[in-house]
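Visitor: Below is the structure I would like to discuss, written out as structure tokens.
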Amino acid sequence: MKVLVGLFTCESNANVPLKNEITQFVVDFGENVAKKARVDDVFAKEGVEIIPAIYASAGASGVIKKDCFEYIESCFVKAAKEHLNELDGIWLHLHGASEVEEIGSGDHHILKSLREVVGPYMPIAVVCDPHGNLTKEYVENCTIIRSYRESPHTDADETKKYVAKMLCDFLKNRQNIHAIYRKLPLILGGEQSVSTDEPVASINKYMDEMEKDPRVRSASWHVGYIRHDCPEAGCGIVVVPQTQDDQEYCEQKADELAKYVWDKRHEFHYTGFTAQPEEAMKMALEFKEKPVMITDSGDNTTSGSTGWNTYVLRQALAQNSDKKFLFANICDPNAFAILNNLEIGETTDIKLGMNYDENSTSVDINVTVKAKGYLRGYMMHVHDAVYGHSVLVHINGTNIDVNVASTRQVMCEKHQFDACGIDWDNYDIIVVKQGYAFPEIKEKGKLVIMSLTNGATLQDTAKLPFKRIMRPMYPIDKI
């Protein structure tokens with residue numbers, strides 16, 4: 001048996017000024033496609049030959065330029081056309097929240113284009129991020145579609161392998177089935193759907209029980225993505241039947257799962273402590289133990305923000321405190337270039353901040369270089385890859401250190417701090433660019449506070465200026 005394998009992932013935040021060229025994507029071909037997607041071992045074990053299309057990942061970033069997307073899509077279509085008479089199925093990792101200028105959802109466009117090549121019956125299995133947007137047409141074009149369960153996405157690799165194995169099993173016993181979709185009039189940010197907390201923990205348990213039913217192949221809940229305005233936005237659920245005879249039964253199960261999620265709409269909330277920026281700073285300064293972790297949620301780089309914002313830094317500079325601060329990171333390529341030319345121990349004056357808007361207003365500071373390092377991957381991303389570089393500086397006359405980065409990259413695991421030459425045990429208050437706190441940040445912090453700052457990842461869903469979404473939509477509208 002032969003299966004076409006490809007990956008296209010980009011979580012497109014339309015609120016940032018940068019658009020994705022092909023150079024923003026990590027691109028690979030040949031045998032590296034399945035290796036980097038981390039499913040090569042599953043297909044090898046099942047005796048399935050892989051036909052590689054393309055591996056193209058830009059992580060969380062901006063909207064994708066049309067010509068960039070058209071090149072990526074052409075690689076999928078070309079591979080399908082060239083091997084059409086050999087293919088038994090297709091395995092895709094599509095994020096679900098790509099946005100392409102003049103086109104809309106890149107994920108949806110790729111799937112539609114592939115269906116035009118292979119027809120309605122070729123088995124296509126899609127694994128996706130729960131922070132992706134769906135439509136009925138998109139889901140029904142999938143034979144199998146399953147999202148990760150956990151947020152943060154600690155089960156991403158596990159889910160990719162799970163869907164690959166499901167596809168292999170399906171190819172041994174072909175059925176005329178398609179995935180079943182229900183849209184919910186519910187819109188949530190990812191920060192309101194942390195899976196270790198309720199109600200998501202109960203929803204995941206409910207779906208785990210559903211998947212024990214021999215008539216249900218898989219069940220998933222898709223939180224959706226809110227950082228670009230599109231008609232696909234909003235929560236959805238998907239149920240995949242085991243056989244053609246189970247299709248009607250699974251329609252009923254899809255209704256039950258949709259009702260279960262909808263009935264919990266009032267329970268969704270931010271995990272842990274959340275506070276307006278002034279209160280968050282006050283709480284951190286008054287807390288007796290260390291470290292306190294502050295997440296600058298309006299500049300959450302894991303949801304595509306730039307990492308440029310200096311608002312919390314300006315807050316800290318205005319304090320008269322003996323608490324030791326670390327900012328990890330503030331992205332400023334211009335300041336980084338100046339600092340990177342200095343030796344450790346050298347002192348200079350810099351402007352830190354990109355001055356793009358009020359949130360990224362620059363500050364004039366005198367700094368001493370303390371360390372140099374590089375930005376590493378986290379969770380399912382390659383840990384020893386170099387995603388950029390950083391210079392750790394001390395702001396003279398204060399108790400504040402800042403890790404100035406060449407590019408945006410979240411700092412959420414200890415090995416990332418180590419690679420930048422930072423001992424996080426040296427600090428009382430550590431400020432990171434996240435929404436929800438990732439597992440190691442949550443475990444390390446004696447107190448973790450989400451500071452409800454402004455920026456490209458504003459957390460108050462009701463304040464976001466949606467024009468194209470389905471209405472009414474809770475909690476924007478009172479339903």
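Identifiers in the structure tokens: chain A, B, ... in order shown; residue index from 1 per chain; ligand index from 1 in order shown.
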Enumerate as number ranges by chain all residues of stretch 337-382 of chain A assigned to strand (DSSP E or B) by DSSP on the backbone, naming them with the chain letters and numbers the document uses.
Guide: A: 347-352, 363-375
Visitor: Would you give me, as a tab-separated table, each residue of stretch 366-436 of chain A having an atom within 12 Å of an atom of stretch 40-59 of chain A, along with its shortest atom pair and that distance in Å to one decimal, using only C-alpha atoms and sorting by chain and residue number?
Guide:
residue	atom	partner	partner_atom	distance
A:Gly377	CA	A:Gly59	CA	11.0
A:Tyr378	CA	A:Gly59	CA	11.7
A:Met380	CA	A:Gly59	CA	11.2
A:His381	CA	A:Gly59	CA	9.4
A:Tyr387	CA	A:Ala58	CA	11.4
A:Arg408	CA	A:Gly59	CA	11.0
A:Gln409	CA	A:Gly59	CA	10.2
A:Val410	CA	A:Gly59	CA	11.3
Visitor: Rank nothing, just name the residue among A:His153, A:Lys288, A:Lys351, A:Lys183 nearest to A:Val238, using only C-alpha atoms.
Guide: A:Lys183
Visitor: Closest to A:Glu101 among A:Thr361, A:Ser12, A:Asn32, A:Gln242, using only C-alpha atoms?
Guide: A:Ser12
Visitor: Write out as a PyMOL selection string all residues of stretch 158-242 of chain A that DSSP puts in alpha helix (DSSP H) for this structure's backbone.
Guide: chain A and resi 158-172+200-210
Visitor: Just to confirm, what's the straight-line distance from atom CA of A:Lys323 to atom CA of A:Ile430 in Å (one decimal)?
Guide: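 Taking atom CA of A:Lys323 as the start and atom CA of A:Ile430 as the end point, the length is 10.4 Å.
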Visitor: Just the residues within 12 Å of A:Asn309, please, counting only C-alpha atoms, with nothing from its chain fewer than 3 positions along; format it as an MDAnalysis selection string.
Guide: chainID A and resid 16 296:301 305:306 312:315 327:332 352:363 404 408 431:433 453:457
Visitor: Can you work out which one of A:Gly388, A:Gly106, A:Pro152, A:Gly89 has the shortest atom-to-atom distance to A:Tyr121, counting only C-alpha atoms?
Guide: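 Counting only C-alpha atoms, the residue closest to A:Tyr121 is A:Gly89.
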Visitor: Find the residues around A:Leu339 up to 10 Å (only C-alpha atoms counted), leave out those fewer than 5 positions away in its own chain, and share them as a PyMOL selection string.
Guide: chain A and resi 333-334+344+346-350+367-369+372+390-393+404
Visitor: Could you save those same residues with all heavy atoms as a tab-separated table (two decimals), in the first residue's frame?
Guide:
chain	number	residue	atom	x	y	z
A	333	PRO	N	14.96	42.82	16.76
A	333	PRO	CA	16.11	42.50	15.91
A	333	PRO	C	17.15	43.61	15.83
A	333	PRO	O	18.35	43.33	15.72
A	333	PRO	CB	15.47	42.24	14.54
A	333	PRO	CG	14.06	41.87	14.84
A	333	PRO	CD	13.68	42.67	16.05
A	334	ASN	N	16.70	44.87	15.90
A	334	ASN	CA	17.64	46.00	15.80
A	334	ASN	C	18.54	46.07	17.03
A	334	ASN	O	19.77	46.21	16.92
A	334	ASN	CB	16.87	47.31	15.62
A	334	ASN	CG	16.02	47.31	14.37
A	334	ASN	OD1	16.40	46.74	13.35
A	334	ASN	ND2	14.85	47.92	14.45
A	344	ILE	N	30.81	39.90	26.18
A	344	ILE	CA	30.22	39.78	27.51
A	344	ILE	C	30.97	40.68	28.48
A	344	ILE	O	32.20	40.71	28.51
A	344	ILE	CB	30.24	38.31	27.98
A	344	ILE	CG1	29.28	37.47	27.11
A	344	ILE	CG2	29.84	38.20	29.46
A	344	ILE	CD1	29.34	35.99	27.35
A	346	GLU	N	30.63	44.02	28.32
A	346	GLU	CA	30.62	45.37	27.75
A	346	GLU	C	29.30	46.07	28.05
A	346	GLU	O	28.25	45.44	28.18
A	346	GLU	CB	30.83	45.31	26.24
A	346	GLU	CG	32.28	45.07	25.83
A	346	GLU	CD	32.51	45.37	24.36
A	346	GLU	OE1	32.57	46.57	24.00
A	346	GLU	OE2	32.61	44.41	23.57
A	347	THR	N	29.37	47.38	28.11
A	347	THR	CA	28.22	48.23	28.44
A	347	THR	C	27.92	49.16	27.27
A	347	THR	O	28.83	49.63	26.59
A	347	THR	CB	28.51	49.04	29.71
A	347	THR	OG1	28.69	48.14	30.80
A	347	THR	CG2	27.36	49.98	30.04
A	348	THR	N	26.61	49.42	27.05
A	348	THR	CA	26.21	50.34	25.99
A	348	THR	C	24.83	50.90	26.27
A	348	THR	O	24.08	50.38	27.11
A	348	THR	CB	26.21	49.62	24.61
A	348	THR	OG1	26.11	50.60	23.59
A	348	THR	CG2	25.05	48.65	24.51
A	349	ASP	N	24.49	51.96	25.56
A	349	ASP	CA	23.13	52.52	25.58
A	349	ASP	C	22.37	51.98	24.38
A	349	ASP	O	22.90	51.97	23.26
A	349	ASP	CB	23.16	54.04	25.51
A	349	ASP	CG	23.79	54.68	26.75
A	349	ASP	OD1	23.46	54.22	27.86
A	349	ASP	OD2	24.59	55.62	26.59
A	350	ILE	N	21.13	51.55	24.61
A	350	ILE	CA	20.30	51.08	23.48
A	350	ILE	C	18.87	51.59	23.65
A	350	ILE	O	18.44	51.96	24.74
A	350	ILE	CB	20.25	49.54	23.39
A	350	ILE	CG1	19.64	48.92	24.66
A	350	ILE	CG2	21.60	48.95	23.06
A	350	ILE	CD1	19.27	47.45	24.50
A	367	VAL	N	22.82	49.21	29.36
A	367	VAL	CA	22.84	47.78	29.67
A	367	VAL	C	24.26	47.23	29.65
A	367	VAL	O	25.15	47.77	28.98
A	367	VAL	CB	21.97	46.98	28.68
A	367	VAL	CG1	20.52	47.44	28.75
A	367	VAL	CG2	22.50	47.09	27.25
A	368	THR	N	24.42	46.12	30.37
A	368	THR	CA	25.66	45.35	30.33
A	368	THR	C	25.34	43.95	29.84
A	368	THR	O	24.39	43.31	30.32
A	368	THR	CB	26.30	45.27	31.73
A	368	THR	OG1	26.62	46.60	32.18
A	368	THR	CG2	27.57	44.43	31.70
A	369	VAL	N	26.12	43.48	28.88
A	369	VAL	CA	25.90	42.14	28.31
A	369	VAL	C	26.33	41.08	29.33
A	369	VAL	O	27.45	41.10	29.84
A	369	VAL	CB	26.68	41.97	27.00
A	369	VAL	CG1	26.55	40.55	26.47
A	369	VAL	CG2	26.21	42.98	25.96
A	372	LYS	N	25.25	35.20	26.03
A	372	LYS	CA	24.73	35.03	24.67
A	372	LYS	C	24.29	33.58	24.49
A	372	LYS	O	24.87	32.66	25.09
A	372	LYS	CB	25.79	35.38	23.62
A	372	LYS	CG	26.18	36.85	23.62
A	372	LYS	CD	27.17	37.16	22.50
A	372	LYS	CE	27.51	38.65	22.48
A	372	LYS	NZ	28.41	38.99	21.35
A	390	SER	N	19.98	35.11	21.00
A	390	SER	CA	19.61	36.08	22.04
A	390	SER	C	20.84	36.60	22.76
A	390	SER	O	21.90	35.95	22.76
A	390	SER	CB	18.66	35.44	23.05
A	390	SER	OG	19.32	34.41	23.78
A	391	VAL	N	20.66	37.76	23.36
A	391	VAL	CA	21.68	38.35	24.23
A	391	VAL	C	21.00	38.74	25.53
A	391	VAL	O	20.04	39.52	25.53
A	391	VAL	CB	22.34	39.58	23.59
A	391	VAL	CG1	23.36	40.19	24.56
A	391	VAL	CG2	23.02	39.21	22.27
A	392	LEU	N	21.49	38.20	26.63
A	392	LEU	CA	20.96	38.54	27.95
A	392	LEU	C	21.69	39.78	28.46
A	392	LEU	O	22.93	39.81	28.50
A	392	LEU	CB	21.17	37.38	28.93
A	392	LEU	CG	20.70	37.63	30.37
A	392	LEU	CD1	19.18	37.74	30.45
A	392	LEU	CD2	21.20	36.52	31.30
A	393	VAL	N	20.92	40.80	28.82
A	393	VAL	CA	21.53	42.04	29.32
A	393	VAL	C	20.95	42.39	30.69
A	393	VAL	O	19.81	42.03	31.02
A	393	VAL	CB	21.31	43.23	28.36
A	393	VAL	CG1	21.94	42.96	27.01
A	393	VAL	CG2	19.82	43.55	28.21
A	404	VAL	N	17.19	39.70	25.09
A	404	VAL	CA	16.83	40.37	23.85
A	404	VAL	C	17.01	39.36	22.71
A	404	VAL	O	18.10	38.82	22.50
A	404	VAL	CB	17.70	41.61	23.61
A	404	VAL	CG1	17.30	42.30	22.31
A	404	VAL	CG2	17.56	42.58	24.79
Visitor: Could you list, as a VMD selection string, every residue within 10 Å of stretch 264-276 of chain A, counting only C-alpha atoms and ignoring same-chain residues fewer than 2 positions away?
Guide: chain A and resid 185 to 200 202 to 203 259 to 262 278 to 283 294 to 295 297 435 to 437 442 447 to 454 459 474 to 475
Visitor: Can you pull out the residues contacting A:His131? Cut-off 7 Å, using only C-alpha atoms, and skip same-chain residues under 3 positions away; I want them as a list of chain:residue names.
Guide: A:Ala97, A:Gly190, A:His222, A:Val223, A:Gly224, A:Tyr225
Visitor: Using only C-alpha atoms, which residues sit within 8 Å of A:Pro231 once same-chain residues fewer than 5 positions away are excluded, as number ranges by chain?
Guide: A: 468-470
Visitor: Using only C-alpha atoms, pick whichever of A:Asp477, A:Asp428, A:Glu137, A:Asp460 has the shortest atom-to-atom distance to A:Glu286.
Guide: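 For A:Glu286, the nearest of the given residues is A:Asp428.
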Visitor: Given only C-alpha atoms as the basis, pick out the residue of A:Pro465, A:Gly421, A:Gly104, A:Pro123 nearest to A:Asp88.
Guide: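 The closest residue to A:Asp88 is A:Pro123.
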Visitor: Suppose you want the space between atom CA of A:Pro277 and atom CA of A:Leu375; what is it in Å?
Guide: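 Pair atom CA of A:Pro277 / atom CA of A:Leu375 returns 27.0 Å.
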Visitor: So, counting only C-alpha atoms, which residue among A:Lys478, A:Lys467, A:Lys36, A:His383 is closest to A:Ala233?
Guide: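 Of A:Lys478, A:Lys467, A:Lys36, A:His383, the one nearest A:Ala233, counting only C-alpha atoms, is A:Lys467.
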Visitor: For a test of reading the model, state the distance in Å between atom CA of A:Val117 and atom CA of A:Thr159, rounded to one decimal.
Guide: 26.8 Å
